[in-house]
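**Q** Take a look at final_22.txt, compact mmCIF, C-alpha atoms:
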# COMPACT_ATOMS: atom_id res chain seq x y z
CA MET R 280 -38.95 34.03 51.35
CA ALA R 281 -39.17 34.30 47.59
CA GLU R 282 -39.82 37.79 46.34
CA PHE R 283 -42.08 38.32 43.36
CA CYS R 284 -43.50 41.44 41.76
CA LEU R 285 -47.22 42.00 42.14
CA ASP R 286 -47.98 40.81 38.60
CA CYS R 287 -46.02 37.55 38.97
CA MET R 288 -47.48 36.87 42.41
CA ASN R 289 -51.06 37.44 41.28
CA GLU R 290 -50.50 35.20 38.27
CA MET R 291 -48.92 32.36 40.28
CA GLU R 292 -51.34 32.51 43.21
CA GLY R 293 -54.46 33.27 41.20
CA THR R 294 -55.14 36.35 43.32
CA HIS R 295 -56.10 39.95 42.56
CA TYR R 296 -54.02 41.89 45.08
CA THR R 297 -53.42 45.57 44.42
CA GLU R 298 -50.73 47.94 45.65
CA GLU R 299 -53.11 48.89 48.47
CA ASN R 300 -53.12 45.31 49.82
CA VAL R 301 -49.37 44.69 49.95
CA GLU R 302 -46.10 46.29 51.02
CA LEU R 303 -43.66 46.73 48.16
CA GLU R 304 -39.89 47.21 48.00
CA MET R 305 -37.58 47.60 45.00
CA ASP R 306 -35.71 44.35 44.35
CA LEU R 307 -35.17 41.64 41.75
CA CYS R 308 -38.35 39.72 40.96
CA GLU R 309 -37.65 35.99 41.04
CA GLY R 310 -40.48 35.36 38.58
CA CYS R 311 -39.74 37.66 35.64
CA GLY R 312 -36.13 38.53 36.53
CA GLN R 313 -36.66 42.31 36.37
CA ILE R 314 -35.86 44.96 38.96
CA LYS R 315 -39.35 45.96 40.08
CA PRO R 316 -41.26 46.61 43.29
CA VAL R 317 -41.66 43.18 44.89
CA VAL R 318 -44.10 42.05 47.57
CA VAL R 319 -42.45 41.93 50.99
CA GLY R 320 -45.56 41.79 53.15
CA PHE R 321 -49.29 42.25 53.41
CA ARG R 322 -51.10 45.21 54.89
CA ARG R 323 -53.73 44.87 57.56
CA ARG R 324 -57.36 45.05 56.70
CA GLY R 325 -58.94 48.47 56.78
CA ALA R 326 -61.52 49.50 59.33
CA ALA R 327 -64.40 48.84 56.93
CA ARG R 328 -63.27 45.27 56.24
CA TRP R 329 -62.69 44.68 59.93
CA ARG R 330 -66.24 45.87 60.68
CA GLU R 331 -67.67 43.58 57.96
CA TRP R 332 -65.78 40.62 59.41
CA LEU R 333 -66.99 41.40 62.93
CA VAL R 334 -70.63 41.79 61.85
CA SER R 335 -70.50 38.47 59.98
CA ARG R 336 -69.13 36.70 63.08
CA VAL R 337 -71.85 38.20 65.27
CA GLN R 338 -74.51 37.12 62.77
CA ILE R 339 -73.15 33.57 62.73
CA ALA R 340 -73.10 33.47 66.54
CA LEU R 341 -76.69 34.75 66.72
CA TRP R 342 -77.82 32.21 64.13
CA LYS R 343 -76.20 29.37 66.08
CA TRP R 344 -77.70 30.65 69.32
CA SER R 345 -81.21 31.00 67.84
CA SER R 346 -81.10 27.49 66.34
CA ARG R 347 -80.70 26.08 69.87
CA LEU R 348 -84.02 27.52 70.98
Using the file provided, produce a representation of the structure as structure tokens.
**A**
Amino acid sequence: MAEFCLDCMNEMEGTHYTEENVELEMDLCEGCGQIKPVVVGFRRRGAARWREWLVSRVQIALWKWSSRL
């Protein structure tokens, strides 16, 4: 897997990840060629995001169920 620093990865992917969203490790960035913390993985969603996802799925299921009536 290619390893890029957070800045290079966000620029290439068009994302807005922060240090809280990813796991970092010191290595050579393949984008800018500097020794910097590079992204080696993604962290799981927090409890609040998990709850939001679950509520949205329940709402979709209820909407589909109520449209059958």
**Q** Can you measure atom CA of R:Leu285 to atom CA of R:Val317 for me? One decimal in Å is fine.
**A**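 Atom CA of R:Leu285 sits 6.3 Å away from atom CA of R:Val317.
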**Q** Can you measure atom CA of R:Cys311 to atom CA of R:Ala281 for me? One decimal in Å is fine.
**A**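 Atom CA of R:Ala281 lies 12.4 Å from atom CA of R:Cys311.
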**Q** Would you mind reading off the distance between atom CA of R:Val319 and atom CA of R:Val301, one decimal, in Å?
**A** 7.5 Å
**Q** Determine the nearest neighbour of R:Leu307 from the options R:Ser335, R:Glu282, R:Asn289, R:Ser345, counting all atoms listed in the file.
**A**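 When distances to R:Leu307 are compared using all atoms listed in the file, the smallest one comes from R:Glu282.
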**Q** Any idea what's packed within 12 Å of R:Leu303, counting all atoms listed in the file, ignoring anything in its chain fewer than 3 positions away? Could you give it as a ChimeraX atom specification?
**A** /R:282-285,296-300,306-308,315-322
